[in-house]
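Asker: My questions will all concern the structure given below.
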Amino acid sequence: MEILVNLDVMMAKRKISSGELAERIGITPANLSILKTNKAKAIRFSTLAALCRELQCQPGDLLEFKDDQDDQ
């Protein structure tokens, strides 16, 4: 099982660049990239809240649960 971060999809819908979003929410572009590429092991609620505020979305729009059993 894994949690997927669909940040790139929402950013494309909102037409916002990584650099601009990182600056608006107060994280480094490198840390935003880790989230976008699903390499993050955790996310702070404050970061998730800032992303939702800037992208005008809900946490469920950014996070998706994928069960390994779906692949079998």
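Identifiers in this document derive from the order of the structure tokens: chains are assigned A, B, ..., residues are numbered from 1 separately in each chain, and ligands are numbered from 1 in order of occurrence.
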Can you tell me, as a PDB file with N, CA and C atoms, in the first residue's frame, what residues are no more than 9 Å from Ser18 (chain A) when counting only C-alpha atoms, ignoring any on the same chain fewer than 5 positions away?
Answerer:
```pdb
ATOM      1  N   ASP A   8       1.381  17.354  -8.928  1.00  0.00           N
ATOM      2  CA  ASP A   8       1.644  17.825 -10.285  1.00  0.00           C
ATOM      3  C   ASP A   8       0.352  18.020 -11.079  1.00  0.00           C
ATOM      4  N   MET A  11      -1.285  21.222  -9.782  1.00  0.00           N
ATOM      5  CA  MET A  11      -0.510  22.383 -10.227  1.00  0.00           C
ATOM      6  C   MET A  11      -0.796  22.682 -11.691  1.00  0.00           C
ATOM      7  N   GLU A  23       7.540  29.201  -3.261  1.00  0.00           N
ATOM      8  CA  GLU A  23       7.700  30.510  -2.634  1.00  0.00           C
ATOM      9  C   GLU A  23       6.443  30.905  -1.856  1.00  0.00           C
ATOM     10  N   PRO A  29      12.168  24.753  -3.254  1.00  0.00           N
ATOM     11  CA  PRO A  29      11.787  24.038  -4.476  1.00  0.00           C
ATOM     12  C   PRO A  29      12.196  22.563  -4.431  1.00  0.00           C
ATOM     13  N   LEU A  32       9.564  20.687  -2.467  1.00  0.00           N
ATOM     14  CA  LEU A  32       8.357  20.577  -3.274  1.00  0.00           C
ATOM     15  C   LEU A  32       8.535  19.490  -4.332  1.00  0.00           C
ATOM     16  N   SER A  33       9.716  19.409  -4.905  1.00  0.00           N
ATOM     17  CA  SER A  33      10.014  18.376  -5.902  1.00  0.00           C
ATOM     18  C   SER A  33       9.903  16.981  -5.300  1.00  0.00           C
TER      19      SER A  33
END
```
Asker: For Ala42 (chain A), list every protein, DNA or RNA residue within 12 Å, evaluated using only C-alpha atoms, and leave out those in the same chain fewer than 6 positions away; present the list as JSON, numbers by chain.
Answerer: {"A": [2, 3, 4, 5, 31, 34, 35, 48, 63]}
Asker: Run DSSP on the backbone of this structure and report the residues of chain A it assigns to strand (DSSP E), as a ChimeraX atom specification.
Answerer: /A:2-5,63-66
Asker: With C-alpha atoms retained, export the selected residues as a CSV table (one decimal), in the first residue's frame.
Answerer:
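Okay, part_34.csv is ready:
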```
chain,number,residue,atom,x,y,z
A,2,GLU,CA,1.1,3.5,-0.7
A,3,ILE,CA,0.0,7.1,-0.6
A,4,LEU,CA,0.4,8.9,-3.9
A,5,VAL,CA,0.7,12.7,-4.1
A,63,LEU,CA,-3.5,12.5,-1.7
A,64,GLU,CA,-4.5,9.1,-3.1
A,65,PHE,CA,-4.4,5.7,-1.4
A,66,LYS,CA,-3.2,2.9,-3.6
```
Asker: Within region 2-70 of chain A, find each residue whose DSSP state, derived from the backbone, is alpha helix (DSSP H), and express the selection as number ranges by chain.
Answerer: A: 7-14, 18-25, 29-36, 45-55, 59-62
Asker: For CA of Ala22 (chain A) and CA of Lys36 (chain A), quote the distance in Å rounded to one decimal.
Answerer: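 That distance, rounded to one decimal, is 11.4 Å.
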